[in-house]
$ cat data14.cif   # mmCIF, C-alpha atoms; chains and numbers go by the auth columns
data_run
#
loop_
_atom_site.group_PDB
_atom_site.id
_atom_site.type_symbol
_atom_site.label_atom_id
_atom_site.label_comp_id
_atom_site.label_asym_id
_atom_site.label_seq_id
_atom_site.Cartn_x
_atom_site.Cartn_y
_atom_site.Cartn_z
_atom_site.B_iso_or_equiv
_atom_site.auth_seq_id
_atom_site.auth_asym_id
ATOM 1 C CA MET A 1 6.995 -19.855 36.334 0.00 744 A
ATOM 2 C CA SER A 2 8.339 -17.416 33.763 0.00 745 A
ATOM 3 C CA VAL A 3 6.186 -15.362 31.443 0.00 746 A
ATOM 4 C CA ALA A 4 6.777 -15.937 27.749 0.00 747 A
ATOM 5 C CA ALA A 5 8.295 -13.053 25.830 0.00 748 A
ATOM 6 C CA LEU A 6 6.035 -11.234 23.395 0.00 749 A
ATOM 7 C CA THR A 7 7.784 -11.098 20.078 0.00 750 A
ATOM 8 C CA GLY A 8 6.830 -9.172 16.995 0.00 751 A
ATOM 9 C CA CYS A 9 6.339 -12.238 14.841 0.00 752 A
ATOM 10 C CA THR A 10 2.726 -11.825 13.802 0.00 753 A
ATOM 11 C CA ILE A 11 3.194 -9.145 11.186 0.00 754 A
ATOM 12 C CA ASP A 12 0.024 -8.855 9.118 0.00 755 A
ATOM 13 C CA THR A 13 1.496 -9.373 5.683 0.00 756 A
ATOM 14 C CA ALA A 14 -0.828 -12.091 4.417 0.00 757 A
ATOM 15 C CA GLU A 15 -1.935 -11.879 0.830 0.00 758 A
ATOM 16 C CA PRO A 16 -5.410 -10.387 0.484 0.00 759 A
ATOM 17 C CA ASP A 17 -8.228 -12.887 0.579 0.00 760 A
ATOM 18 C CA ALA A 18 -8.614 -14.270 -2.900 0.00 761 A
ATOM 19 C CA GLY A 19 -12.124 -15.463 -2.019 0.00 762 A
ATOM 20 C CA LYS A 20 -13.692 -12.107 -2.814 0.00 763 A
ATOM 21 C CA THR A 21 -16.227 -13.852 -5.047 0.00 764 A
ATOM 22 C CA ALA A 22 -14.245 -12.185 -7.758 0.00 765 A
ATOM 23 C CA THR A 23 -14.645 -13.195 -11.362 0.00 766 A
ATOM 24 C CA PRO A 24 -11.418 -13.566 -13.349 0.00 767 A
ATOM 25 C CA ALA A 25 -11.151 -11.232 -16.278 0.00 768 A
ATOM 26 C CA PRO A 26 -10.435 -12.634 -19.729 0.00 769 A
ATOM 27 C CA ALA A 27 -6.921 -13.976 -20.229 0.00 770 A
ATOM 28 C CA GLN A 28 -4.543 -11.180 -21.175 0.00 771 A
ATOM 29 C CA THR A 29 -2.626 -11.359 -24.400 0.00 772 A
ATOM 30 C CA GLU A 30 0.050 -9.142 -25.869 0.00 773 A
ATOM 31 C CA PRO A 31 -1.251 -6.110 -27.762 0.00 774 A
ATOM 32 C CA SER A 32 -1.991 -7.036 -31.336 0.00 775 A
ATOM 33 C CA THR A 33 -0.077 -5.313 -34.137 0.00 776 A
ATOM 34 C CA THR A 34 -2.622 -6.429 -36.769 0.00 777 A
ATOM 35 C CA LEU A 35 -5.978 -4.667 -36.559 0.00 778 A
ATOM 36 C CA THR A 36 -9.232 -5.438 -38.303 0.00 779 A
ATOM 37 C CA GLY A 37 -11.280 -2.678 -39.874 0.00 780 A
ATOM 38 C CA GLU A 38 -13.585 -2.513 -36.872 0.00 781 A
ATOM 39 C CA GLU A 39 -10.619 -2.343 -34.516 0.00 782 A
ATOM 40 C CA ARG A 40 -9.113 0.522 -36.511 0.00 783 A
ATOM 41 C CA VAL A 41 -12.397 2.435 -36.224 0.00 784 A
ATOM 42 C CA GLU A 42 -12.464 1.810 -32.480 0.00 785 A
ATOM 43 C CA GLN A 43 -8.853 2.937 -32.123 0.00 786 A
ATOM 44 C CA GLU A 44 -9.655 6.138 -34.000 0.00 787 A
ATOM 45 C CA LYS A 45 -12.563 6.807 -31.609 0.00 788 A
ATOM 46 C CA ILE A 46 -10.215 6.299 -28.672 0.00 789 A
ATOM 47 C CA ARG A 47 -7.641 8.698 -30.151 0.00 790 A
ATOM 48 C CA GLU A 48 -10.339 11.321 -30.682 0.00 791 A
ATOM 49 C CA ALA A 49 -11.617 10.919 -27.124 0.00 792 A
ATOM 50 C CA CYS A 50 -8.130 11.098 -25.617 0.00 793 A
ATOM 51 C CA ALA A 51 -7.291 14.212 -27.639 0.00 794 A
ATOM 52 C CA ALA A 52 -9.537 16.074 -25.213 0.00 795 A
ATOM 53 C CA PHE A 53 -8.313 14.230 -22.073 0.00 796 A
ATOM 54 C CA PRO A 54 -4.948 14.173 -20.275 0.00 797 A
ATOM 55 C CA VAL A 55 -3.198 10.912 -19.432 0.00 798 A
ATOM 56 C CA ARG A 56 -5.164 9.255 -16.578 0.00 799 A
ATOM 57 C CA GLY A 57 -8.196 11.346 -17.416 0.00 800 A
ATOM 58 C CA ASP A 58 -11.353 9.209 -17.198 0.00 801 A
ATOM 59 C CA THR A 59 -13.146 9.028 -20.550 0.00 802 A
ATOM 60 C CA GLY A 60 -15.901 6.905 -19.026 0.00 803 A
ATOM 61 C CA ALA A 61 -16.763 3.239 -18.501 0.00 804 A
ATOM 62 C CA ARG A 62 -16.531 1.023 -21.571 0.00 805 A
ATOM 63 C CA GLY A 63 -16.883 -2.648 -22.502 0.00 806 A
ATOM 64 C CA GLU A 64 -13.614 -3.925 -21.028 0.00 807 A
ATOM 65 C CA ALA A 65 -13.181 -1.212 -18.389 0.00 808 A
ATOM 66 C CA GLN A 66 -16.374 -1.117 -16.318 0.00 809 A
ATOM 67 C CA GLY A 67 -14.691 -0.554 -12.955 0.00 810 A
ATOM 68 C CA THR A 68 -14.454 2.589 -10.858 0.00 811 A
ATOM 69 C CA VAL A 69 -11.767 5.090 -9.920 0.00 812 A
ATOM 70 C CA TYR A 70 -10.574 4.344 -6.380 0.00 813 A
ATOM 71 C CA GLU A 71 -8.155 7.249 -5.873 0.00 814 A
ATOM 72 C CA SER A 72 -7.235 10.420 -7.747 0.00 815 A
ATOM 73 C CA ASP A 73 -4.433 12.957 -7.398 0.00 816 A
ATOM 74 C CA GLY A 74 -4.720 16.644 -6.589 0.00 817 A
ATOM 75 C CA GLU A 75 -5.524 17.427 -10.218 0.00 818 A
ATOM 76 C CA GLY A 76 -8.419 14.976 -10.290 0.00 819 A
ATOM 77 C CA LEU A 77 -6.574 12.450 -12.465 0.00 820 A
ATOM 78 C CA ALA A 78 -7.090 8.783 -11.624 0.00 821 A
ATOM 79 C CA THR A 79 -4.223 7.057 -9.826 0.00 822 A
ATOM 80 C CA VAL A 80 -5.745 3.741 -8.651 0.00 823 A
ATOM 81 C CA TYR A 81 -8.545 1.861 -10.395 0.00 824 A
ATOM 82 C CA THR A 82 -10.861 -0.845 -9.020 0.00 825 A
ATOM 83 C CA LEU A 83 -11.322 -3.738 -11.437 0.00 826 A
ATOM 84 C CA ALA A 84 -14.717 -4.986 -12.565 0.00 827 A
ATOM 85 C CA SER A 85 -15.536 -8.405 -13.963 0.00 828 A
ATOM 86 C CA GLY A 86 -14.413 -8.645 -17.589 0.00 829 A
ATOM 87 C CA ASP A 87 -11.927 -5.784 -17.445 0.00 830 A
ATOM 88 C CA THR A 88 -8.765 -6.052 -19.517 0.00 831 A
ATOM 89 C CA LEU A 89 -5.561 -4.055 -19.475 0.00 832 A
ATOM 90 C CA GLU A 90 -6.285 -2.876 -23.007 0.00 833 A
ATOM 91 C CA GLY A 91 -9.718 -1.632 -21.977 0.00 834 A
ATOM 92 C CA ILE A 92 -8.241 0.181 -18.978 0.00 835 A
ATOM 93 C CA ALA A 93 -5.518 1.766 -21.134 0.00 836 A
ATOM 94 C CA ASN A 94 -8.133 2.983 -23.614 0.00 837 A
ATOM 95 C CA ARG A 95 -10.422 4.383 -20.925 0.00 838 A
ATOM 96 C CA PHE A 96 -7.665 6.360 -19.183 0.00 839 A
ATOM 97 C CA CYS A 97 -5.580 7.293 -22.253 0.00 840 A
ATOM 98 C CA LEU A 98 -2.591 5.255 -21.046 0.00 841 A
ATOM 99 C CA ASP A 99 0.326 3.750 -22.929 0.00 842 A
ATOM 100 C CA LEU A 100 -0.747 0.131 -23.335 0.00 843 A
ATOM 101 C CA GLU A 101 2.809 -1.214 -23.650 0.00 844 A
ATOM 102 C CA GLU A 102 3.772 0.399 -20.310 0.00 845 A
ATOM 103 C CA LEU A 103 0.691 -1.031 -18.612 0.00 846 A
ATOM 104 C CA TYR A 104 1.463 -4.518 -19.936 0.00 847 A
ATOM 105 C CA ALA A 105 5.086 -4.266 -18.817 0.00 848 A
ATOM 106 C CA ARG A 106 4.020 -3.264 -15.309 0.00 849 A
ATOM 107 C CA TYR A 107 1.520 -6.074 -14.764 0.00 850 A
ATOM 108 C CA GLN A 108 3.071 -8.893 -16.800 0.00 851 A
ATOM 109 C CA PRO A 109 -0.278 -10.215 -18.051 0.00 852 A
ATOM 110 C CA SER A 110 1.178 -13.591 -18.952 0.00 853 A
ATOM 111 C CA THR A 111 1.583 -14.354 -15.245 0.00 854 A
ATOM 112 C CA ILE A 112 -1.374 -12.638 -13.536 0.00 855 A
ATOM 113 C CA THR A 113 -5.137 -12.853 -13.537 0.00 856 A
ATOM 114 C CA LEU A 114 -7.172 -9.693 -13.155 0.00 857 A
ATOM 115 C CA LEU A 115 -9.802 -10.112 -10.440 0.00 858 A
ATOM 116 C CA ALA A 116 -12.883 -8.005 -9.890 0.00 859 A
ATOM 117 C CA GLY A 117 -12.454 -5.965 -6.715 0.00 860 A
ATOM 118 C CA GLU A 118 -8.667 -5.832 -6.924 0.00 861 A
ATOM 119 C CA HIS A 119 -6.889 -2.549 -7.613 0.00 862 A
ATOM 120 C CA VAL A 120 -4.365 -1.527 -10.253 0.00 863 A
ATOM 121 C CA ALA A 121 -2.134 1.540 -10.371 0.00 864 A
ATOM 122 C CA LEU A 122 -2.504 3.720 -13.442 0.00 865 A
ATOM 123 C CA GLN A 123 1.010 5.091 -12.997 0.00 866 A
ATOM 124 C CA LYS A 124 4.120 3.374 -11.668 0.00 867 A
ATOM 125 C CA GLU A 125 4.505 5.507 -8.533 0.00 868 A
ATOM 126 C CA TYR A 126 1.036 4.478 -7.319 0.00 869 A
ATOM 127 C CA VAL A 127 1.693 0.717 -7.292 0.00 870 A
ATOM 128 C CA ALA A 128 2.147 0.659 -3.493 0.00 871 A
ATOM 129 C CA ASP A 129 -1.154 2.518 -3.040 0.00 872 A
ATOM 130 C CA ALA A 130 -2.918 -0.010 -5.279 0.00 873 A
ATOM 131 C CA ARG A 131 -1.451 -2.965 -3.372 0.00 874 A
ATOM 132 C CA ARG A 132 -2.445 -1.375 -0.062 0.00 875 A
ATOM 133 C CA ALA A 133 -5.996 -0.846 -1.354 0.00 876 A
ATOM 134 C CA SER A 134 -6.115 -4.541 -2.303 0.00 877 A
ATOM 135 C CA GLY A 135 -5.254 -5.556 1.263 0.00 878 A
ATOM 136 C CA TYR A 136 -1.480 -6.016 1.175 0.00 879 A
ATOM 137 C CA LEU A 137 0.437 -4.590 4.125 0.00 880 A
ATOM 138 C CA PHE A 138 3.873 -3.002 3.827 0.00 881 A
ATOM 139 C CA PRO A 139 3.528 -2.896 0.017 0.00 882 A
ATOM 140 C CA ALA A 140 6.563 -0.659 -0.589 0.00 883 A
ATOM 141 C CA CYS A 141 8.895 -2.124 2.062 0.00 884 A
ATOM 142 C CA PRO A 142 11.959 -4.223 1.224 0.00 885 A
ATOM 143 C CA ALA A 143 11.453 -7.997 1.316 0.00 886 A
ATOM 144 C CA ASP A 144 13.585 -11.006 2.164 0.00 887 A
ATOM 145 C CA ASP A 145 14.375 -13.886 -0.208 0.00 888 A
ATOM 146 C CA THR A 146 10.936 -15.391 0.374 0.00 889 A
ATOM 147 C CA GLY A 147 9.123 -12.157 -0.406 0.00 890 A
ATOM 148 C CA TYR A 148 8.290 -11.490 3.260 0.00 891 A
ATOM 149 C CA PRO A 149 8.425 -7.762 4.124 0.00 892 A
ATOM 150 C CA ILE A 150 11.299 -6.620 6.311 0.00 893 A
ATOM 151 C CA VAL A 151 9.959 -4.312 9.020 0.00 894 A
ATOM 152 C CA ALA A 152 11.074 -2.809 12.315 0.00 895 A
ATOM 153 C CA SER A 153 9.653 -4.782 15.237 0.00 896 A
ATOM 154 C CA ILE A 154 9.961 -5.343 18.984 0.00 897 A
ATOM 155 C CA GLY A 155 10.284 -8.349 21.252 0.00 898 A
ATOM 156 C CA TRP A 156 8.745 -7.458 24.633 0.00 899 A
ATOM 157 C CA GLU A 157 10.362 -9.463 27.441 0.00 900 A
ATOM 158 C CA PRO A 158 9.221 -9.357 31.115 0.00 901 A
ATOM 159 C CA ILE A 159 11.768 -7.606 33.311 0.00 902 A
ATOM 160 C CA GLU A 160 11.333 -10.484 35.819 0.00 903 A
ATOM 161 C CA ASP A 161 9.169 -13.567 36.303 0.00 904 A
ATOM 162 C CA ASN A 162 5.422 -12.821 36.352 0.00 905 A
ATOM 163 C CA SER A 163 6.023 -9.095 35.975 0.00 906 A
ATOM 164 C CA PRO A 164 3.449 -7.123 33.926 0.00 907 A
ATOM 165 C CA ILE A 165 6.235 -4.744 32.925 0.00 908 A
ATOM 166 C CA SER A 166 8.155 -5.728 29.797 0.00 909 A
ATOM 167 C CA ARG A 167 11.310 -4.369 28.261 0.00 910 A
ATOM 168 C CA ALA A 168 11.744 -3.771 24.534 0.00 911 A
ATOM 169 C CA ASN A 169 14.194 -5.757 22.445 0.00 912 A
ATOM 170 C CA ILE A 170 14.276 -3.763 19.212 0.00 913 A
ATOM 171 C CA THR A 171 14.960 -5.265 15.799 0.00 914 A
ATOM 172 C CA GLY A 172 15.364 -3.139 12.699 0.00 915 A
ATOM 173 C CA ALA A 173 14.552 0.522 12.244 0.00 916 A
ATOM 174 C CA PRO A 174 11.859 2.402 10.337 0.00 917 A
ATOM 175 C CA ILE A 175 12.644 3.627 6.834 0.00 918 A
ATOM 176 C CA ASP A 176 10.786 6.086 4.646 0.00 919 A
ATOM 177 C CA THR A 177 9.397 4.512 1.473 0.00 920 A
ATOM 178 C CA GLY A 178 7.808 7.789 0.351 0.00 921 A
ATOM 179 C CA THR A 179 4.469 9.531 0.655 0.00 922 A
ATOM 180 C CA ALA A 180 1.386 7.416 0.118 0.00 923 A
ATOM 181 C CA TYR A 181 -2.362 7.625 0.548 0.00 924 A
ATOM 182 C CA GLY A 182 -3.017 7.991 4.292 0.00 925 A
ATOM 183 C CA ALA A 183 0.596 8.962 5.040 0.00 926 A
ATOM 184 C CA LYS A 184 1.381 12.171 3.181 0.00 927 A
ATOM 185 C CA GLY A 185 3.052 14.115 5.969 0.00 928 A
ATOM 186 C CA ALA A 186 6.664 15.273 6.247 0.00 929 A
ATOM 187 C CA ALA A 187 9.428 13.174 7.808 0.00 930 A
ATOM 188 C CA ARG A 188 12.655 14.499 9.346 0.00 931 A
ATOM 189 C CA SER A 189 15.991 12.686 9.485 0.00 932 A
ATOM 190 C CA ASN A 190 19.299 13.417 11.218 0.00 933 A
ATOM 191 C CA ALA A 191 22.711 13.789 9.578 0.00 934 A
ATOM 192 C CA ALA A 192 23.173 10.010 9.674 0.00 935 A
ATOM 193 C CA GLY A 193 19.944 9.491 7.714 0.00 936 A
ATOM 194 C CA GLU A 194 18.053 8.072 10.692 0.00 937 A
ATOM 195 C CA LEU A 195 14.411 9.052 10.937 0.00 938 A
ATOM 196 C CA ILE A 196 13.663 11.463 13.787 0.00 939 A
ATOM 197 C CA ASP A 197 9.949 12.186 13.551 0.00 940 A
ATOM 198 C CA TYR A 198 6.940 12.514 11.284 0.00 941 A
ATOM 199 C CA THR A 199 4.364 15.299 11.095 0.00 942 A
ATOM 200 C CA VAL A 200 0.822 14.060 10.524 0.00 943 A
ATOM 201 C CA ALA A 201 -1.020 15.348 7.433 0.00 944 A
ATOM 202 C CA PRO A 202 -4.799 15.583 6.898 0.00 945 A
ATOM 203 C CA ASN A 203 -6.497 12.176 6.401 0.00 946 A
ATOM 204 C CA ASP A 204 -3.458 10.260 7.710 0.00 947 A
ATOM 205 C CA ASN A 205 -4.048 7.005 9.586 0.00 948 A
ATOM 206 C CA TRP A 206 -1.871 4.657 11.632 0.00 949 A
ATOM 207 C CA ARG A 207 -2.001 1.739 9.210 0.00 950 A
ATOM 208 C CA SER A 208 -0.750 3.821 6.293 0.00 951 A
ATOM 209 C CA ILE A 209 1.918 5.421 8.458 0.00 952 A
ATOM 210 C CA ARG A 210 3.149 1.965 9.501 0.00 953 A
ATOM 211 C CA ASP A 211 3.093 0.865 5.865 0.00 954 A
ATOM 212 C CA ARG A 212 5.060 3.894 4.740 0.00 955 A
ATOM 213 C CA PHE A 213 7.742 3.596 7.434 0.00 956 A
ATOM 214 C CA CYS A 214 7.867 -0.208 7.608 0.00 957 A
ATOM 215 C CA PHE A 215 7.182 -0.853 11.300 0.00 958 A
ATOM 216 C CA ASP A 216 4.657 -3.196 12.893 0.00 959 A
ATOM 217 C CA LEU A 217 2.268 -2.789 15.844 0.00 960 A
ATOM 218 C CA TYR A 218 4.891 -4.029 18.287 0.00 961 A
ATOM 219 C CA TYR A 219 7.285 -1.300 17.233 0.00 962 A
ATOM 220 C CA MET A 220 4.429 1.224 17.335 0.00 963 A
ATOM 221 C CA ALA A 221 3.966 0.345 21.014 0.00 964 A
ATOM 222 C CA SER A 222 7.489 1.647 21.670 0.00 965 A
ATOM 223 C CA LEU A 223 6.506 4.971 20.083 0.00 966 A
ATOM 224 C CA THR A 224 3.143 5.432 21.813 0.00 967 A
ATOM 225 C CA GLY A 225 3.421 3.431 25.041 0.00 968 A
ATOM 226 C CA GLY A 226 0.301 1.357 24.368 0.00 969 A
ATOM 227 C CA TRP A 227 -1.016 -1.522 22.277 0.00 970 A
ATOM 228 C CA ALA A 228 -3.083 -1.142 19.137 0.00 971 A
ATOM 229 C CA ASP A 229 -6.351 -0.431 20.961 0.00 972 A
ATOM 230 C CA ASP A 230 -4.556 2.253 22.996 0.00 973 A
ATOM 231 C CA ALA A 231 -2.914 3.995 20.058 0.00 974 A
ATOM 232 C CA PRO A 232 -3.500 7.730 20.350 0.00 975 A
ATOM 233 C CA VAL A 233 -5.856 9.472 17.956 0.00 976 A
ATOM 234 C CA ILE A 234 -3.798 11.492 15.505 0.00 977 A
ATOM 235 C CA HIS A 235 -4.551 14.931 14.128 0.00 978 A
ATOM 236 C CA PRO A 236 -2.970 17.032 11.367 0.00 979 A
ATOM 237 C CA GLY A 237 0.127 18.705 12.762 0.00 980 A
ATOM 238 C CA ASP A 238 0.807 16.060 15.415 0.00 981 A
ATOM 239 C CA VAL A 239 4.451 14.968 15.550 0.00 982 A
ATOM 240 C CA ILE A 240 5.092 11.219 15.867 0.00 983 A
ATOM 241 C CA PRO A 241 8.585 10.128 16.997 0.00 984 A
ATOM 242 C CA MET A 242 10.180 7.537 14.758 0.00 985 A
ATOM 243 C CA GLN A 243 12.633 6.309 17.406 0.00 986 A
ATOM 244 C CA PRO A 244 11.342 4.355 20.450 0.00 987 A
ATOM 245 C CA GLN A 245 10.179 6.533 23.339 0.00 988 A
ATOM 246 C CA TYR A 246 8.981 3.686 25.568 0.00 989 A
ATOM 247 C CA ARG A 247 11.414 0.851 26.246 0.00 990 A
ATOM 248 C CA GLU A 248 9.437 -0.490 29.193 0.00 991 A
ATOM 249 C CA ILE A 249 5.650 -0.696 29.209 0.00 992 A
ATOM 250 C CA ASN A 250 2.820 -2.580 30.899 0.00 993 A
ATOM 251 C CA THR A 251 2.260 -5.159 28.195 0.00 994 A
ATOM 252 C CA GLY A 252 -0.859 -6.885 29.521 0.00 995 A
ATOM 253 C CA ALA A 253 -1.643 -8.742 26.294 0.00 996 A
ATOM 254 C CA PRO A 254 0.136 -8.475 22.930 0.00 997 A
ATOM 255 C CA PRO A 255 -1.473 -6.402 20.188 0.00 998 A
ATOM 256 C CA ALA A 256 -3.588 -8.194 17.601 0.00 999 A
ATOM 257 C CA ASP A 257 -2.004 -7.146 14.325 0.00 1000 A
#

$ encode --input "data14.cif" --output "structure tokens"
Amino acid sequence: MSVAALTGCTIDTAEPDAGKTATPAPAQTEPSTTLTGEERVEQEKIREACAAFPVRGDTGARGEAQGTVYESDGEGLATVYTLASGDTLEGIANRFCLDLEELYARYQPSTITLLAGEHVALQKEYVADARRASGYLFPACPADDTGYPIVASIGWEPIEDNSPISRANITGAPIDTGTAYGAKGAARSNAAGELIDYTVAPNDNWRSIRDRFCFDLYYMASLTGGWADDAPVIHPGDVIPMQPQYREINTGAPPAD
């Protein structure tokens, strides 16, 4: 009796659980060009507050921006924001001194609902970090026509019937989508543009590294020689190969991605 091949088909790309007991924020509407007297006074207060703050500087919680800063950059400026019930894009723009039109264009408020507990990027380059914080995997990786992320994977096939040793059948290759929270180290490539290795930075973790380089747990097994629960602990300065090092391993059971 032959042993079924272990294929990398269980990539954990499911949408984050919408049942977060989240409360939808008010429906978003396009920024108004006609202001009442009270609105003009409020806008003037916002301008005065932002005169003393840089873009993405936190001026403090307010009526329609009661959430919290989830991540900040090296200068202490907010990059990802966690939504609270009742938040609006306008309130967020006012709190962090952002361009409201740019924020609306990024999130297309006519087609989305803001949910408490979800995360939004306060600058375009942090969108992948915000999606990762909300529970999406491979947020910056290319996708197929159905929106499913395209990632490097492995099909592990027994070298013979009933053998615990399996051989790798590799599909795809890792790509670098750019530094991100939890994967801020340096990557090296060869003259052909193929990734060679990655040097771990402080606070890096395997999930973020996989997200950045678009490879699943099955592919990771070919780099480390073990399943998810056997993945080596990583430290700053460690060098992780980006090309498979193990093409035959004792599979035992497939990793639970």

$ resolve_selection --input "data14.cif" --expression "the PyMOL selection byres ((chain A and resi 896) around 8)" --output "list of chain:residue names"
A:Gly751, A:Val894, A:Ala895, A:Ile897, A:Gly898, A:Ile913, A:Thr914, A:Gly915, A:Ala916, A:Phe958, A:Asp959, A:Leu960, A:Tyr961, A:Tyr962

$ atom_distance --input "data14.cif" --atom1 "atom CA of Glu991 of chain A" --atom2 "atom CA of Asn933 of chain A"
24.8 Å

$ atom_distance --input "data14.cif" --atom1 "atom CA of Phe956 of chain A" --atom2 "atom CA of Ala871 of chain A"
12.6 Å

$ resolve_selection --input "data14.cif" --expression "the PyMOL selection byres ((chain A and resi 834-848) around 8)" --output "VMD selection string"
chain A and resid 773 to 774 789 793 796 to 808 821 830 to 833 849 to 852 865

$ residues_near_point --input "data14.cif" --point "(0.5, 0.8, 14.4)" --cutoff "12 Å" --atoms "only C-alpha atoms" --output "ChimeraX atom specification"
/A:754-755,880-881,895-896,948-977,983,985,998-1000

$ atom_distance --input "data14.cif" --atom1 "atom CA of Pro987 of chain A" --atom2 "atom CA of Asp940 of chain A"
10.5 Å

$ resolve_selection --input "data14.cif" --expression "the PyMOL selection byres ((chain A and resi 868) around 12)" --output "PyMOL selection string"
chain A and resi 816+822-823+849+863-867+869-874+883+920-924

$ closest_residue --input "data14.cif" --among "A:Thr825, A:Gln986, A:Ile918, A:Gln786" --to "Pro885 of chain A" --atoms "all atoms listed in the file"
A:Ile918

$ axis_aligned_box --input "data14.cif" --around "segment 887-892 of chain A" --padding-each-side "3 Å" --output "AutoDock Vina command-line options"
--center_x 11.3 --center_y -11.6 --center_z 1.9 --size_x 12.1 --size_y 13.6 --size_z 10.5

$ residues_around --input "data14.cif" --residues "Ala827 of chain A" --least-positions-apart "2" --cutoff "9 Å" --atoms "all atoms listed in the file" --output "short mmCIF file (atom, residue, chain, number, x, y, z; two decimals) with C-alpha atoms, keeping the file's coordinate frame"
data_model
loop_
_atom_site.label_atom_id
_atom_site.label_comp_id
_atom_site.auth_asym_id
_atom_site.auth_seq_id
_atom_site.Cartn_x
_atom_site.Cartn_y
_atom_site.Cartn_z
CA ALA A 765 -14.24 -12.18 -7.76
CA THR A 766 -14.64 -13.20 -11.36
CA ALA A 768 -11.15 -11.23 -16.28
CA GLU A 807 -13.61 -3.92 -21.03
CA ALA A 808 -13.18 -1.21 -18.39
CA GLN A 809 -16.37 -1.12 -16.32
CA GLY A 810 -14.69 -0.55 -12.96
CA THR A 811 -14.45 2.59 -10.86
CA THR A 825 -10.86 -0.84 -9.02
CA GLY A 829 -14.41 -8.64 -17.59
CA ASP A 830 -11.93 -5.78 -17.44
CA LEU A 857 -7.17 -9.69 -13.16
CA LEU A 858 -9.80 -10.11 -10.44
CA ALA A 859 -12.88 -8.01 -9.89
CA GLY A 860 -12.45 -5.96 -6.72
CA GLU A 861 -8.67 -5.83 -6.92
#

$ closest_residue --input "data14.cif" --among "A:Asp947, A:Glu787, A:Glu937, A:Glu814" --to "His978 of chain A" --atoms "all atoms listed in the file"
A:Asp947

$ build_atoms --input "data14.cif" --residues "segment 919-934 of chain A" --atoms "N, CA and C atoms" --output "compact mmCIF listing (two decimals), in the frame of the given file"
# COMPACT_ATOMS: atom_id res chain seq x y z
N ASP A 919 11.82 5.34 5.36
CA ASP A 919 10.79 6.09 4.65
C ASP A 919 10.71 5.61 3.21
N THR A 920 9.57 5.00 2.85
CA THR A 920 9.40 4.51 1.47
C THR A 920 8.71 5.55 0.59
N GLY A 921 8.41 6.73 1.15
CA GLY A 921 7.81 7.79 0.35
C GLY A 921 6.35 8.01 0.67
N THR A 922 5.85 9.19 0.34
CA THR A 922 4.47 9.53 0.66
C THR A 922 3.50 8.58 -0.03
N ALA A 923 2.40 8.33 0.63
CA ALA A 923 1.39 7.42 0.12
C ALA A 923 0.04 7.83 0.67
N TYR A 924 -1.02 7.31 0.08
CA TYR A 924 -2.36 7.62 0.55
C TYR A 924 -2.48 7.27 2.02
N GLY A 925 -2.89 8.22 2.86
CA GLY A 925 -3.02 7.99 4.29
C GLY A 925 -1.75 8.25 5.07
N ALA A 926 -0.68 8.65 4.38
CA ALA A 926 0.60 8.96 5.04
C ALA A 926 1.35 9.96 4.17
N LYS A 927 0.82 11.16 4.08
CA LYS A 927 1.38 12.17 3.18
C LYS A 927 2.10 13.29 3.91
N GLY A 928 2.37 13.10 5.20
CA GLY A 928 3.05 14.12 5.97
C GLY A 928 4.54 14.17 5.69
N ALA A 929 5.23 15.06 6.43
CA ALA A 929 6.66 15.27 6.25
C ALA A 929 7.46 14.54 7.31
N ALA A 930 8.55 13.89 6.88
CA ALA A 930 9.43 13.17 7.81
C ALA A 930 10.76 13.92 7.92
N ARG A 931 11.35 13.90 9.13
CA ARG A 931 12.66 14.50 9.35
C ARG A 931 13.67 13.42 9.68
N SER A 932 14.90 13.61 9.21
CA SER A 932 15.99 12.69 9.48
C SER A 932 17.18 13.47 10.03
N ASN A 933 18.08 12.77 10.73
CA ASN A 933 19.30 13.42 11.22
C ASN A 933 20.41 13.30 10.18
N ALA A 934 21.59 13.77 10.52
CA ALA A 934 22.71 13.79 9.58
C ALA A 934 23.11 12.38 9.15
